[in-house]
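See structure below.
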Amino acid sequence: MSRRLPPFERFLEANRTTVFRYLTAAVGPIDADDVFQETFLAALRAYPRCTEADRLDRWILRIASRKAIDHHRGAARRPIPVAAPPERRTEVDPAADGFGPAVVAVRDLPARQRDAVAYRHILGFSVADTASLMGCTEEAVRASAYQGLRKLKEQELKERAAWTND
Amino acid sequence: MDERLTISTEEADRRSRQAVDRFRAMAAGAGLVDVAVGTVGSPVGELLVAVTPHGLAAIAFEGDDRDRVLDRLARQLSPRVLMAARATDDVRRELDEYFRGARRRFDLRLDRRLMSPFMKDVLGATARVPFGRLATYGEIAGRIGRPTAARAVGAALGANPIPIVVPCHRVIGAGGNLTGYGGGLPRKELLLRLEGSLPAA
């Protein structure tokens, strides 16, 4: 028997900051607001039938993760404007926007690595919590997080090299 | 690597608050809010009002435990309870008119699902006591065919989920005492002065 659902208002207030942090990493700071709307609209739609009243924090992050995947699929289908600048991160200033310089590259990781890095290293969840959230083993979490971090580091090195070559 | 992967909680808090403001309007617009909650300023303190597709379901006074009010709405009506000010605009407008003396009768639809059958009878009879008039607990008991139930009538009025709009403040003791009020006696007094049923202070 699961616990009674709290008023959606309280659930929203309790989880909005964590969901926003996750989405800032998973889809980037510019699109985080839009995917936040989609996440909580989907949650509100499903809320009366939700059977996870005792772990709503996990429930909403799983919805956010699915919405991030949908977002990336949609973005892949959208045609890239011909005149688009090659550097798309000029739109945000990590320092001023309150996040570390490696955050903007997390969204470009494959979905499993993206989630493993976001849950483990940005939200600071334990390996066990991340595994239960992602529905996989702790070994798989460690492997995905490791591969994700390695890619982020390679990316940073590449960019640094590009800077010095300028 | 980890310090290069931080996202400030303060910044996310600020941004998510803006996102939530947008979300409230979208959710109400999409018809996904079963219980829309808003606040209304008034001379008896800030009121919390709850509106469903059936009508006005609850009014709570400032000082009531708001968490408990929301819990009750979630339990008895629907867990899809959300602060959505715009969805409560009609109630806010009529209450504003009432408190500035421009309205003597409310035209709001009421959602009576928070009332027991006995309360529906008692509050139905109470709703027919007009602005500027008073009734006693015994009179209300008589009007619902339960002439000996004055005490139970008092209890039902004390639990009125929609005070002010269902005017339980117009029901007083046989000796002319105000007796009691769910929102506290000073509020009952103020409402009756506003309606001219008690001399102005």
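FYI, nothing fancy with the structure tokens labels: chains A, B, ... in order, residues from 1 per chain, ligands from 1 as they appear.
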
Check which residues of chain B sit at most 12 Å from chain A using only C-alpha atoms, and return one row each with the closest pair of atoms and their distance in Å to one decimal, ordered by chain and rising number, as a tab-separated table.
residue	atom	partner	partner_atom	distance
B:Met1	CA	A:Leu149	CA	7.8
B:Asp2	CA	A:His121	CA	6.4
B:Glu3	CA	A:Gly100	CA	6.6
B:Arg4	CA	A:Gly100	CA	4.3
B:Leu5	CA	A:Gly100	CA	5.0
B:Thr6	CA	A:Gly100	CA	5.0
B:Ile7	CA	A:Phe99	CA	4.2
B:Ser8	CA	A:Gly98	CA	5.2
B:Thr9	CA	A:Thr17	CA	7.1
B:Glu10	CA	A:Gly98	CA	8.2
B:Glu11	CA	A:Gly98	CA	5.9
B:Ala12	CA	A:Thr17	CA	5.6
B:Asp13	CA	A:Thr17	CA	5.1
B:Arg14	CA	A:Thr17	CA	8.4
B:Arg15	CA	A:Phe20	CA	7.8
B:Ser16	CA	A:Thr17	CA	5.8
B:Arg17	CA	A:Arg16	CA	7.7
B:Gln18	CA	A:Asp33	CA	8.7
B:Ala19	CA	A:Asp33	CA	5.8
B:Val20	CA	A:Arg16	CA	7.7
B:Asp21	CA	A:Gln37	CA	10.2
B:Arg22	CA	A:Gln37	CA	7.9
B:Phe23	CA	A:Gln37	CA	5.8
B:Arg24	CA	A:Gln37	CA	9.5
B:Ala25	CA	A:Gln37	CA	10.6
B:Met26	CA	A:Leu41	CA	8.2
B:Ala27	CA	A:Leu41	CA	6.6
B:Ala28	CA	A:Leu41	CA	10.2
B:Gly29	CA	A:Leu41	CA	11.1
B:Ala30	CA	A:Leu41	CA	8.9
B:Gly31	CA	A:Arg45	CA	9.7
B:Leu32	CA	A:Arg45	CA	6.5
B:Val33	CA	A:Leu44	CA	8.0
B:Asp34	CA	A:Leu44	CA	10.1
B:Val35	CA	A:Pro7	CA	9.5
B:Ala36	CA	A:Glu9	CA	9.8
B:Val37	CA	A:Glu9	CA	9.4
B:Gly38	CA	A:Glu9	CA	11.7
B:Arg66	CA	A:Arg10	CA	11.0
B:Asp67	CA	A:Arg10	CA	8.6
B:Arg68	CA	A:Pro7	CA	10.1
B:Val69	CA	A:Pro7	CA	9.9
B:Leu70	CA	A:Pro7	CA	6.2
B:Asp71	CA	A:Pro7	CA	6.1
B:Arg72	CA	A:Pro7	CA	8.8
B:Leu73	CA	A:Pro7	CA	7.7
B:Ala74	CA	A:Pro7	CA	5.1
B:Arg75	CA	A:Arg4	CA	8.0
B:Gln76	CA	A:Pro7	CA	10.9
B:Leu77	CA	A:Pro7	CA	10.3
B:Ser78	CA	A:Pro48	CA	7.4
B:Pro79	CA	A:Pro7	CA	4.8
B:Arg80	CA	A:Phe8	CA	5.3
B:Val81	CA	A:Pro7	CA	5.2
B:Leu82	CA	A:Glu9	CA	4.7
B:Met83	CA	A:Glu9	CA	6.6
B:Ala84	CA	A:Glu9	CA	9.7

Next item on the list: Can you pull out every residue within 12 Å of Gly142 (chain B), counting only C-alpha atoms, but drop anything in the same chain fewer than 6 positions away, and send it as a ChimeraX atom specification?
Entry: /B:121-122,125-126,135-136,148-150,153

Note to self: Just list as a PyMOL selection string whatever in region 87-126 of chain A DSSP marks as helix (DSSP H, G or I).
What the structure shows: chain A and resi 88-91+94-97+103-108+111-122

Could you give me, as a PDB file with C-alpha atoms, in the first residue's frame, the residues within 12 Å of Val91 (chain B), counting only C-alpha atoms and dropping anything in the same chain fewer than 4 positions from it?
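File selection38.pdb, as written:
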ATOM      1  CA  ALA B  36      -7.186  25.810  -8.257  1.00  0.00           C
ATOM      2  CA  VAL B  37      -6.097  27.743  -5.192  1.00  0.00           C
ATOM      3  CA  GLY B  38      -5.609  31.484  -4.924  1.00  0.00           C
ATOM      4  CA  THR B  39      -5.440  34.208  -2.314  1.00  0.00           C
ATOM      5  CA  VAL B  40      -7.732  37.183  -1.816  1.00  0.00           C
ATOM      6  CA  GLY B  41      -6.902  40.168   0.363  1.00  0.00           C
ATOM      7  CA  LEU B  47      -8.238  34.448   2.411  1.00  0.00           C
ATOM      8  CA  LEU B  48      -7.247  31.214   0.686  1.00  0.00           C
ATOM      9  CA  VAL B  49      -9.888  30.223  -1.873  1.00  0.00           C
ATOM     10  CA  ALA B  50     -10.211  26.876  -3.667  1.00  0.00           C
ATOM     11  CA  VAL B  51     -12.132  26.536  -6.923  1.00  0.00           C
ATOM     12  CA  THR B  52     -12.987  23.355  -8.844  1.00  0.00           C
ATOM     13  CA  GLY B  55     -17.511  25.902  -8.339  1.00  0.00           C
ATOM     14  CA  LEU B  56     -16.130  27.423  -5.155  1.00  0.00           C
ATOM     15  CA  ALA B  57     -15.274  24.588  -2.742  1.00  0.00           C
ATOM     16  CA  ALA B  58     -13.477  26.229   0.168  1.00  0.00           C
ATOM     17  CA  ILE B  59     -12.416  29.476   1.791  1.00  0.00           C
ATOM     18  CA  ALA B  85      -4.471  32.647  -9.222  1.00  0.00           C
ATOM     19  CA  ARG B  86      -6.167  33.303 -12.544  1.00  0.00           C
ATOM     20  CA  ALA B  87      -8.583  30.422 -12.108  1.00  0.00           C
ATOM     21  CA  LEU B  95     -15.359  39.024  -2.633  1.00  0.00           C
ATOM     22  CA  ASP B  96     -13.766  42.389  -3.453  1.00  0.00           C
ATOM     23  CA  GLU B  97     -17.201  43.775  -4.337  1.00  0.00           C
ATOM     24  CA  TYR B  98     -18.710  42.375  -1.158  1.00  0.00           C
ATOM     25  CA  PHE B 106     -22.895  36.114  -4.219  1.00  0.00           C
ATOM     26  CA  ASP B 107     -23.591  34.696  -7.653  1.00  0.00           C
ATOM     27  CA  LEU B 108     -20.820  32.091  -7.475  1.00  0.00           C
ATOM     28  CA  ARG B 109     -21.465  28.431  -8.215  1.00  0.00           C
ATOM     29  CA  LEU B 110     -20.634  26.285  -5.205  1.00  0.00           C
ATOM     30  CA  ILE B 162     -17.118  28.103   2.501  1.00  0.00           C
ATOM     31  CA  ILE B 164     -18.421  34.405   4.136  1.00  0.00           C
ATOM     32  CA  VAL B 165     -20.022  33.210   0.866  1.00  0.00           C
TER      33      VAL B 165
END

Leu133 (chain A) environment, 12 Å, only C-alpha atoms, sequence neighbours closer than 5 positions dropped, as a PDB file with N, CA, C and O atoms, in the first residue's frame:
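File out-v8.pdb, as written:
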ATOM      1  N   ARG A  55       7.922   7.684  -3.322  1.00  0.00           N
ATOM      2  CA  ARG A  55       9.167   8.115  -3.976  1.00  0.00           C
ATOM      3  C   ARG A  55       8.870   9.047  -5.149  1.00  0.00           C
ATOM      4  O   ARG A  55       9.288   8.814  -6.282  1.00  0.00           O
ATOM      5  N   LEU A  56       8.172  10.129  -4.868  1.00  0.00           N
ATOM      6  CA  LEU A  56       7.809  11.062  -5.937  1.00  0.00           C
ATOM      7  C   LEU A  56       9.034  11.774  -6.510  1.00  0.00           C
ATOM      8  O   LEU A  56       9.036  12.182  -7.668  1.00  0.00           O
ATOM      9  N   ASP A  57      10.108  11.901  -5.703  1.00  0.00           N
ATOM     10  CA  ASP A  57      11.314  12.562  -6.203  1.00  0.00           C
ATOM     11  C   ASP A  57      11.930  11.746  -7.342  1.00  0.00           C
ATOM     12  O   ASP A  57      12.433  12.301  -8.316  1.00  0.00           O
ATOM     13  N   ARG A  58      11.866  10.424  -7.215  1.00  0.00           N
ATOM     14  CA  ARG A  58      12.378   9.583  -8.309  1.00  0.00           C
ATOM     15  C   ARG A  58      11.434   9.575  -9.495  1.00  0.00           C
ATOM     16  O   ARG A  58      11.860   9.595 -10.644  1.00  0.00           O
ATOM     17  N   TRP A  59      10.139   9.532  -9.185  1.00  0.00           N
ATOM     18  CA  TRP A  59       9.119   9.505 -10.237  1.00  0.00           C
ATOM     19  C   TRP A  59       9.293  10.703 -11.175  1.00  0.00           C
ATOM     20  O   TRP A  59       9.320  10.552 -12.395  1.00  0.00           O
ATOM     21  N   ILE A  60       9.457  11.891 -10.618  1.00  0.00           N
ATOM     22  CA  ILE A  60       9.531  13.097 -11.455  1.00  0.00           C
ATOM     23  C   ILE A  60      10.849  13.139 -12.229  1.00  0.00           C
ATOM     24  O   ILE A  60      10.883  13.600 -13.370  1.00  0.00           O
ATOM     25  N   LEU A  61      11.925  12.620 -11.657  1.00  0.00           N
ATOM     26  CA  LEU A  61      13.189  12.632 -12.408  1.00  0.00           C
ATOM     27  C   LEU A  61      13.147  11.646 -13.574  1.00  0.00           C
ATOM     28  O   LEU A  61      13.749  11.895 -14.625  1.00  0.00           O
ATOM     29  N   ARG A  62      12.413  10.546 -13.401  1.00  0.00           N
ATOM     30  CA  ARG A  62      12.284   9.612 -14.534  1.00  0.00           C
ATOM     31  C   ARG A  62      11.478  10.260 -15.661  1.00  0.00           C
ATOM     32  O   ARG A  62      11.794  10.090 -16.840  1.00  0.00           O
ATOM     33  N   ILE A  63      10.439  11.016 -15.289  1.00  0.00           N
ATOM     34  CA  ILE A  63       9.676  11.724 -16.323  1.00  0.00           C
ATOM     35  C   ILE A  63      10.580  12.757 -16.999  1.00  0.00           C
ATOM     36  O   ILE A  63      10.606  12.873 -18.230  1.00  0.00           O
ATOM     37  N   ALA A  64      11.352  13.489 -16.199  1.00  0.00           N
ATOM     38  CA  ALA A  64      12.246  14.511 -16.762  1.00  0.00           C
ATOM     39  C   ALA A  64      13.253  13.876 -17.717  1.00  0.00           C
ATOM     40  O   ALA A  64      13.548  14.428 -18.786  1.00  0.00           O
ATOM     41  N   SER A  65      13.764  12.694 -17.355  1.00  0.00           N
ATOM     42  CA  SER A  65      14.730  11.999 -18.196  1.00  0.00           C
ATOM     43  C   SER A  65      14.097  11.615 -19.538  1.00  0.00           C
ATOM     44  O   SER A  65      14.700  11.787 -20.597  1.00  0.00           O
ATOM     45  N   ARG A 112      22.299   7.444 -21.605  1.00  0.00           N
ATOM     46  CA  ARG A 112      22.649   6.756 -20.360  1.00  0.00           C
ATOM     47  C   ARG A 112      23.801   7.467 -19.638  1.00  0.00           C
ATOM     48  O   ARG A 112      23.776   7.628 -18.426  1.00  0.00           O
ATOM     49  N   ASP A 115      22.539  10.784 -18.103  1.00  0.00           N
ATOM     50  CA  ASP A 115      21.820  10.615 -16.841  1.00  0.00           C
ATOM     51  C   ASP A 115      22.762  10.202 -15.711  1.00  0.00           C
ATOM     52  O   ASP A 115      22.664  10.706 -14.590  1.00  0.00           O
ATOM     53  N   ALA A 116      23.678   9.283 -16.020  1.00  0.00           N
ATOM     54  CA  ALA A 116      24.604   8.827 -14.967  1.00  0.00           C
ATOM     55  C   ALA A 116      25.434  10.000 -14.446  1.00  0.00           C
ATOM     56  O   ALA A 116      25.599  10.173 -13.231  1.00  0.00           O
ATOM     57  N   ALA A 118      24.670  13.260 -14.707  1.00  0.00           N
ATOM     58  CA  ALA A 118      23.804  14.264 -14.071  1.00  0.00           C
ATOM     59  C   ALA A 118      23.403  13.816 -12.660  1.00  0.00           C
ATOM     60  O   ALA A 118      23.487  14.587 -11.706  1.00  0.00           O
ATOM     61  N   TYR A 119      22.968  12.571 -12.516  1.00  0.00           N
ATOM     62  CA  TYR A 119      22.512  12.101 -11.204  1.00  0.00           C
ATOM     63  C   TYR A 119      23.685  11.985 -10.217  1.00  0.00           C
ATOM     64  O   TYR A 119      23.600  12.446  -9.091  1.00  0.00           O
ATOM     65  N   ARG A 120      24.768  11.377 -10.670  1.00  0.00           N
ATOM     66  CA  ARG A 120      25.898  11.129  -9.775  1.00  0.00           C
ATOM     67  C   ARG A 120      26.670  12.414  -9.473  1.00  0.00           C
ATOM     68  O   ARG A 120      26.925  12.737  -8.327  1.00  0.00           O
ATOM     69  N   PHE A 125      23.808  12.150  -6.255  1.00  0.00           N
ATOM     70  CA  PHE A 125      23.162  10.937  -5.753  1.00  0.00           C
ATOM     71  C   PHE A 125      24.199   9.818  -5.595  1.00  0.00           C
ATOM     72  O   PHE A 125      25.203   9.786  -6.289  1.00  0.00           O
ATOM     73  N   SER A 126      23.892   8.873  -4.699  1.00  0.00           N
ATOM     74  CA  SER A 126      24.761   7.712  -4.527  1.00  0.00           C
ATOM     75  C   SER A 126      24.640   6.788  -5.747  1.00  0.00           C
ATOM     76  O   SER A 126      23.694   6.903  -6.527  1.00  0.00           O
ATOM     77  N   VAL A 127      25.612   5.892  -5.888  1.00  0.00           N
ATOM     78  CA  VAL A 127      25.551   4.916  -6.982  1.00  0.00           C
ATOM     79  C   VAL A 127      24.278   4.079  -6.866  1.00  0.00           C
ATOM     80  O   VAL A 127      23.591   3.824  -7.859  1.00  0.00           O
ATOM     81  N   ALA A 128      23.934   3.696  -5.634  1.00  0.00           N
ATOM     82  CA  ALA A 128      22.750   2.852  -5.423  1.00  0.00           C
ATOM     83  C   ALA A 128      21.476   3.599  -5.841  1.00  0.00           C
ATOM     84  O   ALA A 128      20.628   3.042  -6.554  1.00  0.00           O
ATOM     85  N   GLU A 138      24.487  -1.282 -10.352  1.00  0.00           N
ATOM     86  CA  GLU A 138      25.449  -0.281  -9.900  1.00  0.00           C
ATOM     87  C   GLU A 138      26.682  -0.280 -10.807  1.00  0.00           C
ATOM     88  O   GLU A 138      27.281   0.772 -11.054  1.00  0.00           O
ATOM     89  N   VAL A 141      25.973   1.803 -13.765  1.00  0.00           N
ATOM     90  CA  VAL A 141      26.034   3.236 -13.423  1.00  0.00           C
ATOM     91  C   VAL A 141      27.484   3.700 -13.429  1.00  0.00           C
ATOM     92  O   VAL A 141      27.824   4.722 -14.040  1.00  0.00           O
TER      93      VAL A 141
END

Item checked: Contact residues around Tyr181 (chain B) with only C-alpha atoms at 12 Å, ignoring same-chain residues under 5 positions, as a ChimeraX atom specification -> /B:61,154-160,163-164,167-173,186-192

What would the file look like if the residues just selected were written as a tab-separated table (two decimals), in the first residue's frame with N, CA and C atoms?
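Done, and the output landed in selection_31.tsv:
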chain	number	residue	atom	x	y	z
B	61	PHE	N	-9.36	31.03	6.32
B	61	PHE	CA	-8.90	32.31	6.85
B	61	PHE	C	-7.40	32.32	7.04
B	154	GLY	N	-24.94	24.20	15.27
B	154	GLY	CA	-23.78	25.02	15.61
B	154	GLY	C	-22.49	24.36	15.17
B	155	ALA	N	-22.39	23.05	15.39
B	155	ALA	CA	-21.18	22.32	14.99
B	155	ALA	C	-21.02	22.33	13.47
B	156	ALA	N	-22.14	22.12	12.76
B	156	ALA	CA	-22.09	22.12	11.29
B	156	ALA	C	-21.66	23.49	10.76
B	157	LEU	N	-22.18	24.54	11.37
B	157	LEU	CA	-21.81	25.89	10.93
B	157	LEU	C	-20.34	26.16	11.20
B	158	GLY	N	-19.86	25.66	12.36
B	158	GLY	CA	-18.45	25.86	12.71
B	158	GLY	C	-17.52	25.18	11.73
B	159	ALA	N	-18.02	24.15	11.04
B	159	ALA	CA	-17.18	23.42	10.08
B	159	ALA	C	-17.48	23.85	8.64
B	160	ASN	N	-18.22	24.93	8.47
B	160	ASN	CA	-18.56	25.43	7.13
B	160	ASN	C	-17.30	25.58	6.27
B	163	PRO	N	-16.97	29.70	4.38
B	163	PRO	CA	-17.47	30.84	5.15
B	163	PRO	C	-17.50	32.11	4.30
B	164	ILE	N	-18.18	33.11	4.79
B	164	ILE	CA	-18.42	34.41	4.14
B	164	ILE	C	-19.43	34.24	3.00
B	167	PRO	N	-23.15	32.31	4.43
B	167	PRO	CA	-22.99	33.29	5.51
B	167	PRO	C	-23.31	32.75	6.91
B	168	CYS	N	-22.46	31.85	7.38
B	168	CYS	CA	-22.70	31.30	8.71
B	168	CYS	C	-22.50	32.35	9.80
B	169	HIS	N	-21.87	33.47	9.45
B	169	HIS	CA	-21.69	34.55	10.44
B	169	HIS	C	-23.03	35.20	10.79
B	170	ARG	N	-24.07	34.95	9.97
B	170	ARG	CA	-25.39	35.56	10.25
B	170	ARG	C	-26.20	34.74	11.25
B	171	VAL	N	-25.64	33.64	11.72
B	171	VAL	CA	-26.36	32.80	12.68
B	171	VAL	C	-25.78	33.02	14.07
B	172	ILE	N	-26.65	33.41	15.02
B	172	ILE	CA	-26.18	33.77	16.37
B	172	ILE	C	-27.01	33.07	17.44
B	173	GLY	N	-26.60	33.24	18.70
B	173	GLY	CA	-27.31	32.59	19.80
B	173	GLY	C	-28.67	33.23	20.05
B	186	PRO	N	-13.85	37.78	16.52
B	186	PRO	CA	-13.61	39.13	15.97
B	186	PRO	C	-13.97	39.24	14.49
B	187	ARG	N	-13.74	38.16	13.74
B	187	ARG	CA	-14.08	38.20	12.31
B	187	ARG	C	-15.59	38.20	12.12
B	188	LYS	N	-16.30	37.42	12.97
B	188	LYS	CA	-17.77	37.39	12.87
B	188	LYS	C	-18.33	38.80	13.13
B	189	GLU	N	-17.76	39.43	14.14
B	189	GLU	CA	-18.20	40.78	14.50
B	189	GLU	C	-17.97	41.75	13.34
B	190	LEU	N	-16.76	41.66	12.77
B	190	LEU	CA	-16.42	42.58	11.68
B	190	LEU	C	-17.36	42.39	10.48
B	191	LEU	N	-17.65	41.13	10.15
B	191	LEU	CA	-18.54	40.87	9.01
B	191	LEU	C	-19.94	41.41	9.28
B	192	LEU	N	-20.42	41.24	10.51
B	192	LEU	CA	-21.77	41.70	10.82
B	192	LEU	C	-21.84	43.23	10.86

Next item on the list: Identify, with DSSP run on backbone atoms, the residues in region 70-143 of chain B assigned to strand (DSSP E or B), and express the list as a list in words.
Entry: Val81, Leu82, Met83, Leu110, Ala135 and Thr136 of chain B

Margin query: As an exercise, work out the distance from CA of Thr137 (chain A) to CA of Glu154 (chain A) in Å and give it to one decimal place.
Written below: 26.0 Å

Next item on the list: Using CA of Arg133 (chain B) and CA of Ala174 (chain B) as the two end points, give the distance in Å to one decimal.
Entry: 14.2 Å

Checklist line | Atom pair CA of Gly196 (chain B) / CA of Gly132 (chain B): separation (Å) | finding: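 According to the coordinates, CA of Gly196 (chain B) and CA of Gly132 (chain B) are separated by 5.9 Å.
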
Next item on the list: Find, counting only C-alpha atoms, the residue in A:Cys136, A:Ala95, A:Leu109, A:Thr164 that gets nearest to Lys151 (chain A).
Entry: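 Answer, going by the shortest atom-to-atom distance: A:Leu109.
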